[in-house]
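Peer 1: I am sharing upload_17.pdb, which consists of PDB, C-alpha atoms:
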ATOM      1  CA  MET P   1      15.025 -16.660   2.855
ATOM      2  CA  ARG P   2      12.159 -15.258   0.748
ATOM      3  CA  PHE P   3      10.489 -13.881   3.887
ATOM      4  CA  ASP P   4      13.686 -11.982   4.694
ATOM      5  CA  LEU P   5      13.606 -10.362   1.264
ATOM      6  CA  PHE P   6       9.952  -9.394   1.637
ATOM      7  CA  THR P   7      10.639  -7.961   5.088
ATOM      8  CA  LYS P   8      13.484  -5.798   3.753
ATOM      9  CA  GLN P   9      11.407  -4.641   0.775
ATOM     10  CA  LEU P  10       8.399  -3.755   2.911
ATOM     11  CA  VAL P  11      10.445  -1.804   5.448
ATOM     12  CA  LEU P  12      12.210   0.096   2.660
ATOM     13  CA  GLU P  13       9.084   0.880   0.606
ATOM     14  CA  CYS P  14       6.894   1.719   3.594
ATOM     15  CA  GLY P  15       9.563   4.124   4.847
ATOM     16  CA  LYS P  16       9.357   5.919   1.506
ATOM     17  CA  SER P  17       5.557   5.817   1.660
ATOM     18  CA  LYS P  18       5.608   7.310   5.154
ATOM     19  CA  ASN P  19       7.515  10.315   3.812
ATOM     20  CA  MET P  20       4.941  10.800   1.057
ATOM     21  CA  LEU P  21       1.898  10.256   3.294
ATOM     22  CA  SER P  22       3.204  12.756   5.841
ATOM     23  CA  ARG P  23       2.768  15.495   3.225
ATOM     24  CA  VAL P  24      -0.896  14.867   2.456
ATOM     25  CA  PRO P  25      -2.780  18.053   3.418
ATOM     26  CA  ALA P  26      -5.924  17.537   5.504
ATOM     27  CA  ASP P  27      -7.743  20.284   3.600
ATOM     28  CA  LYS P  28      -7.245  18.430   0.281
ATOM     29  CA  LEU P  29      -8.418  14.945   1.251
ATOM     30  CA  ASP P  30     -11.453  15.238  -1.041
ATOM     31  CA  TRP P  31      -9.417  16.594  -3.977
ATOM     32  CA  ARG P  32      -8.968  14.622  -7.181
ATOM     33  CA  PRO P  33      -7.080  15.599 -10.338
ATOM     34  CA  HIS P  34      -9.692  14.174 -12.703
ATOM     35  CA  PRO P  35     -13.277  12.868 -12.399
ATOM     36  CA  LYS P  36     -12.038   9.303 -13.090
ATOM     37  CA  SER P  37      -9.347   9.540 -10.399
ATOM     38  CA  MET P  38      -9.709   8.516  -6.772
ATOM     39  CA  VAL P  39      -9.989  11.304  -4.239
ATOM     40  CA  MET P  40      -6.710  11.855  -2.403
ATOM     41  CA  LYS P  41      -8.090  10.396   0.835
ATOM     42  CA  SER P  42      -8.949   7.084  -0.864
ATOM     43  CA  LEU P  43      -5.624   6.866  -2.665
ATOM     44  CA  ALA P  44      -3.565   7.759   0.409
ATOM     45  CA  THR P  45      -5.562   5.353   2.595
ATOM     46  CA  HIS P  46      -4.946   2.613   0.032
ATOM     47  CA  VAL P  47      -1.184   3.261   0.152
ATOM     48  CA  ALA P  48      -1.246   3.141   3.958
ATOM     49  CA  ASP P  49      -3.410   0.026   4.099
ATOM     50  CA  LEU P  50      -1.742  -2.067   1.361
ATOM     51  CA  PRO P  51       0.743  -3.857   3.659
ATOM     52  CA  THR P  52      -2.241  -5.645   5.240
ATOM     53  CA  TRP P  53      -2.507  -7.601   1.988
ATOM     54  CA  VAL P  54       0.621  -9.481   3.089
ATOM     55  CA  THR P  55      -1.154 -10.565   6.264
ATOM     56  CA  MET P  56      -4.335 -11.436   4.370
ATOM     57  CA  THR P  57      -2.403 -13.422   1.761
ATOM     58  CA  LEU P  58      -0.573 -15.502   4.350
ATOM     59  CA  THR P  59      -3.599 -16.094   6.608
ATOM     60  CA  SER P  60      -6.323 -16.851   4.052
ATOM     61  CA  ASP P  61      -6.874 -18.636   0.763
ATOM     62  CA  GLU P  62      -8.716 -15.852  -1.021
ATOM     63  CA  LEU P  63     -10.346 -12.462  -1.046
ATOM     64  CA  ASP P  64     -13.932 -12.445  -2.289
ATOM     65  CA  PHE P  65     -15.127  -8.882  -2.793
ATOM     66  CA  ALA P  66     -18.730 -10.173  -2.820
ATOM     67  CA  THR P  67     -18.568 -11.477   0.739
ATOM     68  CA  MET P  68     -15.808  -9.326   2.238
ATOM     69  CA  PRO P  69     -16.645  -5.688   1.524
ATOM     70  CA  TYR P  70     -13.930  -3.158   2.304
ATOM     71  CA  ASP P  71     -14.643  -0.750   5.128
ATOM     72  CA  PRO P  72     -11.853   1.839   4.939
ATOM     73  CA  PRO P  73     -10.417   3.232   8.160
ATOM     74  CA  VAL P  74     -11.376   6.753   9.191
ATOM     75  CA  ILE P  75      -8.671   9.167   8.036
ATOM     76  CA  ASN P  76      -8.675  12.890   8.778
ATOM     77  CA  SER P  77      -5.004  13.869   8.593
ATOM     78  CA  ALA P  78      -1.500  12.954   7.511
ATOM     79  CA  ASP P  79      -0.891  11.739  11.075
ATOM     80  CA  ASP P  80      -3.805   9.302  10.684
ATOM     81  CA  LEU P  81      -2.314   8.040   7.408
ATOM     82  CA  VAL P  82       1.131   7.535   8.930
ATOM     83  CA  ALA P  83      -0.363   5.726  11.935
ATOM     84  CA  LEU P  84      -2.359   3.443   9.615
ATOM     85  CA  LEU P  85       0.752   2.669   7.570
ATOM     86  CA  GLU P  86       2.746   1.857  10.704
ATOM     87  CA  THR P  87      -0.002  -0.478  11.966
ATOM     88  CA  SER P  88      -0.375  -2.119   8.542
ATOM     89  CA  LEU P  89       3.377  -2.613   8.199
ATOM     90  CA  GLN P  90       3.707  -4.074  11.695
ATOM     91  CA  SER P  91       0.931  -6.566  10.937
ATOM     92  CA  ALA P  92       2.727  -7.635   7.755
ATOM     93  CA  LEU P  93       6.086  -7.942   9.502
ATOM     94  CA  ASP P  94       4.614  -9.957  12.387
ATOM     95  CA  THR P  95       2.887 -12.307   9.947
ATOM     96  CA  LEU P  96       6.042 -12.759   7.865
ATOM     97  CA  ALA P  97       8.063 -13.495  11.021
ATOM     98  CA  SER P  98       5.744 -16.300  12.103
ATOM     99  CA  ALA P  99       4.681 -17.815   8.747
ATOM    100  CA  LYS P 100       6.036 -21.004   7.239
ATOM    101  CA  GLU P 101       8.051 -20.602   4.037
ATOM    102  CA  GLU P 102       6.132 -23.353   2.231
ATOM    103  CA  LEU P 103       2.990 -21.187   2.386
ATOM    104  CA  LEU P 104       4.466 -19.021  -0.381
ATOM    105  CA  ASP P 105       4.054 -21.757  -2.983
ATOM    106  CA  GLY P 106       0.344 -22.267  -2.287
ATOM    107  CA  ASN P 107      -2.317 -20.582  -4.395
ATOM    108  CA  TRP P 108      -4.339 -17.542  -3.395
ATOM    109  CA  THR P 109      -7.477 -16.402  -5.232
ATOM    110  CA  LEU P 110      -8.913 -12.952  -5.875
ATOM    111  CA  ARG P 111     -12.592 -13.059  -6.820
ATOM    112  CA  THR P 112     -15.958 -11.406  -6.826
ATOM    113  CA  GLY P 113     -18.384 -14.239  -6.225
ATOM    114  CA  ASP P 114     -18.101 -16.698  -9.103
ATOM    115  CA  MET P 115     -15.919 -14.347 -11.154
ATOM    116  CA  ILE P 116     -12.278 -15.235 -10.598
ATOM    117  CA  HIS P 117      -9.960 -12.293 -11.189
ATOM    118  CA  SER P 118      -6.727 -14.152 -10.532
ATOM    119  CA  VAL P 119      -5.190 -17.237  -8.999
ATOM    120  CA  SER P 120      -1.549 -16.762  -8.078
ATOM    121  CA  THR P 121       0.933 -18.186  -5.640
ATOM    122  CA  ARG P 122       1.150 -16.336  -2.361
ATOM    123  CA  TYR P 123       4.713 -15.420  -3.329
ATOM    124  CA  GLU P 124       3.385 -13.687  -6.464
ATOM    125  CA  VAL P 125       0.614 -11.922  -4.521
ATOM    126  CA  ILE P 126       3.071 -10.524  -1.966
ATOM    127  CA  GLN P 127       5.388  -9.393  -4.762
ATOM    128  CA  MET P 128       2.400  -7.738  -6.484
ATOM    129  CA  THR P 129       1.430  -6.072  -3.196
ATOM    130  CA  ILE P 130       4.870  -4.483  -2.909
ATOM    131  CA  SER P 131       4.583  -3.339  -6.526
ATOM    132  CA  GLN P 132       1.169  -1.855  -5.756
ATOM    133  CA  ILE P 133       2.611   0.094  -2.824
ATOM    134  CA  ILE P 134       5.200   1.596  -5.174
ATOM    135  CA  HIS P 135       2.692   2.256  -7.956
ATOM    136  CA  HIS P 136       0.071   3.960  -5.799
ATOM    137  CA  ARG P 137       2.705   5.945  -3.895
ATOM    138  CA  ALA P 138       3.862   7.327  -7.262
ATOM    139  CA  GLN P 139       0.260   8.260  -8.093
ATOM    140  CA  LEU P 140       0.060  10.079  -4.779
ATOM    141  CA  GLY P 141       3.247  11.936  -5.677
ATOM    142  CA  VAL P 142       1.565  13.203  -8.852
ATOM    143  CA  TYR P 143      -1.405  14.403  -6.795
ATOM    144  CA  LEU P 144       0.918  16.304  -4.473
ATOM    145  CA  ARG P 145       2.892  17.758  -7.387
ATOM    146  CA  LEU P 146      -0.322  19.025  -9.000
ATOM    147  CA  LEU P 147      -1.123  20.775  -5.704
ATOM    148  CA  ASP P 148       2.382  22.274  -5.666
ATOM    149  CA  ILE P 149       3.342  20.380  -2.506
ATOM    150  CA  PRO P 150       7.064  19.491  -2.385
ATOM    151  CA  ILE P 151       7.686  15.834  -3.158
ATOM    152  CA  PRO P 152      10.082  13.810  -0.987
ATOM    153  CA  GLY P 153      12.739  11.802  -2.784
ATOM    154  CA  THR P 154      12.233   8.081  -3.055
ATOM    155  CA  TYR P 155      15.228   6.443  -4.745
ATOM    156  CA  GLY P 156      17.220   9.656  -4.799
ATOM    157  CA  PRO P 157      16.456  13.342  -4.328
ATOM    158  CA  SER P 158      13.348  14.817  -5.890
ATOM    159  CA  ALA P 159      13.400  18.024  -7.922
ATOM    160  CA  ASP P 160      12.231  19.746  -4.720
ATOM    161  CA  GLU P 161      15.297  18.552  -2.819
ATOM    162  CA  GLN P 162      17.993  19.257  -5.410
ATOM    163  CA  ASN P 163      20.142  22.355  -5.262
ATOM    164  CA  PHE P 164      20.322  23.815  -8.740
TER     165      PHE P 164
END
Would you mind writing the file out in structure tokens?
Peer 2:
Amino acid sequence: MRFDLFTKQLVLECGKSKNMLSRVPADKLDWRPHPKSMVMKSLATHVADLPTWVTMTLTSDELDFATMPYDPPVINSADDLVALLETSLQSALDTLASAKEELLDGNWTLRTGDMIHSVSTRYEVIQMTISQIIHHRAQLGVYLRLLDIPIPGTYGPSADEQNF
């Protein structure tokens, strides 16, 4: 039952993310709105790659940043971002379809070596992953707005899609 809900949420949110990622301009991948902000390429890649956290959460007991460094995929265009999102989503959906429900109640740890950042149930980690997809997609929308790129609607029409 909980897997069905996650599946529906992921399909819905990744569809919205696909619309946003498809608007990322290749000539602005290195742009950032502020020195403390991620460059657009990193942020957009993160949005596209986040569904893989569902797979990781259900197939491992932890992520240790000290022993598992992140090697981001090569992205050069909006098409690359959309393809990455589709691959990431399919991995998550396949894992959810074959996983056992009781896995959700087990703990999963996020750490850097001996420093434990969090210990949560897998259910909570997957819920947080979906929230992260939404959060970072909204950040990406701000980036696009600042570049005067029309924003697609997410839960209704955007200001760019309304007829005033």
Peer 1: Could you tell me how far CA of Ala66 (chain P) lies from CA of Gly113 (chain P), in Å and to one decimal?
Peer 2: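 CA of Gly113 (chain P) lies at a distance of 5.3 Å from CA of Ala66 (chain P).
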Peer 1: Which residues of region 56-84 of chain P come within 8 Å of region 13-21 of chain P, and for each one, what is the closest pair of atoms and their distance in Å to one decimal, counting all atoms listed in the file, sorted by chain and residue number, as a tab-separated table?
Peer 2:
residue	atom	partner	partner_atom	distance
P:Ala78	CA	P:Leu21	CA	6.1
P:Leu81	CA	P:Leu21	CA	6.3
P:Val82	CA	P:Lys18	CA	5.9
Peer 1: May I have the selected residues written with C-alpha atoms, as a short mmCIF file (atom, residue, chain, number, x, y, z; two decimals), in the frame of the given file?
Peer 2:
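Heads up, here's the output in again_18.cif:
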data_model
loop_
_atom_site.label_atom_id
_atom_site.label_comp_id
_atom_site.auth_asym_id
_atom_site.auth_seq_id
_atom_site.Cartn_x
_atom_site.Cartn_y
_atom_site.Cartn_z
CA ALA P 78 -1.50 12.95 7.51
CA LEU P 81 -2.31 8.04 7.41
CA VAL P 82 1.13 7.54 8.93
#
Peer 1: Which one is closest to Leu85 (chain P): P:Ile134, P:Ile126, P:Met40, P:Leu50? Count only C-alpha atoms.
Peer 2: P:Leu50
Peer 1: Tell me which of P:Leu58, P:Ala26, P:Val39, P:Met128 sits closest to Leu93 (chain P), counting all atoms listed in the file.
Peer 2: P:Leu58
Peer 1: Fewer than 4 positions away in the same chain doesn't count, so skip those; otherwise give me all residues within 12 Å of Ser42 (chain P), counting all atoms listed in the file, as a PyMOL selection string.
Peer 2: chain P and resi 24+28-32+37-38+46-50+70-76+81+136+139-140
Peer 1: Hey, can you check how far CA of Lys100 (chain P) sits from CA of Thr129 (chain P)?
Peer 2: 18.8 Å
Peer 1: Suppose you want the space between CA of Ile130 (chain P) and CA of His117 (chain P); what is it in Å?
Peer 2: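 Spanning CA of Ile130 (chain P) to CA of His117 (chain P) is a straight-line distance of 18.7 Å.
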Peer 1: Nearest to Trp108 (chain P) among P:Thr52, P:Gly141, P:Thr57, P:Thr87, with distances taken over all atoms listed in the file: which residue is it?
Peer 2: P:Thr57
Peer 1: Between P:Ser77, P:Ser158, P:Thr121, P:Gln127, which one has atoms that come closest to Leu5 (chain P), using all atoms listed in the file?
Peer 2: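 For Leu5 (chain P), the nearest of the given residues is P:Gln127.
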Peer 1: In terms of the shortest atom-to-atom distance over all atoms listed in the file, which of P:Pro35, P:Ala97, P:Leu10, P:Ile149 is closest to Ile133 (chain P)?
Peer 2: P:Leu10
Peer 1: From the set P:Asp105, P:Asp94, P:Asp114, P:Asp80, which residue has the shortest atom-to-atom contact distance to Phe65 (chain P), counting all atoms listed in the file?
Peer 2: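 Among P:Asp105, P:Asp94, P:Asp114, P:Asp80, it is P:Asp114 that comes nearest to Phe65 (chain P).
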Peer 1: Env of Thr112 (chain P): 10 Å cut, atoms = all atoms listed in the file, seq-sep filter 3 positions within chain, self excluded. Answer as a ChimeraX atom specification.
Peer 2: /P:63-68,109,115-117
Peer 1: Evaluate the PyMOL selection byres ((chain P and resi 148) around 12) on the structure here and hand back the selected residues as a list in words.
Peer 2: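 Those residues are Arg23, Val24, Pro25, Lys28, Gly141, Val142, Tyr143, Leu144, Arg145, Leu146, Leu147, Ile149, Pro150, Ile151 and Asp160 of chain P.
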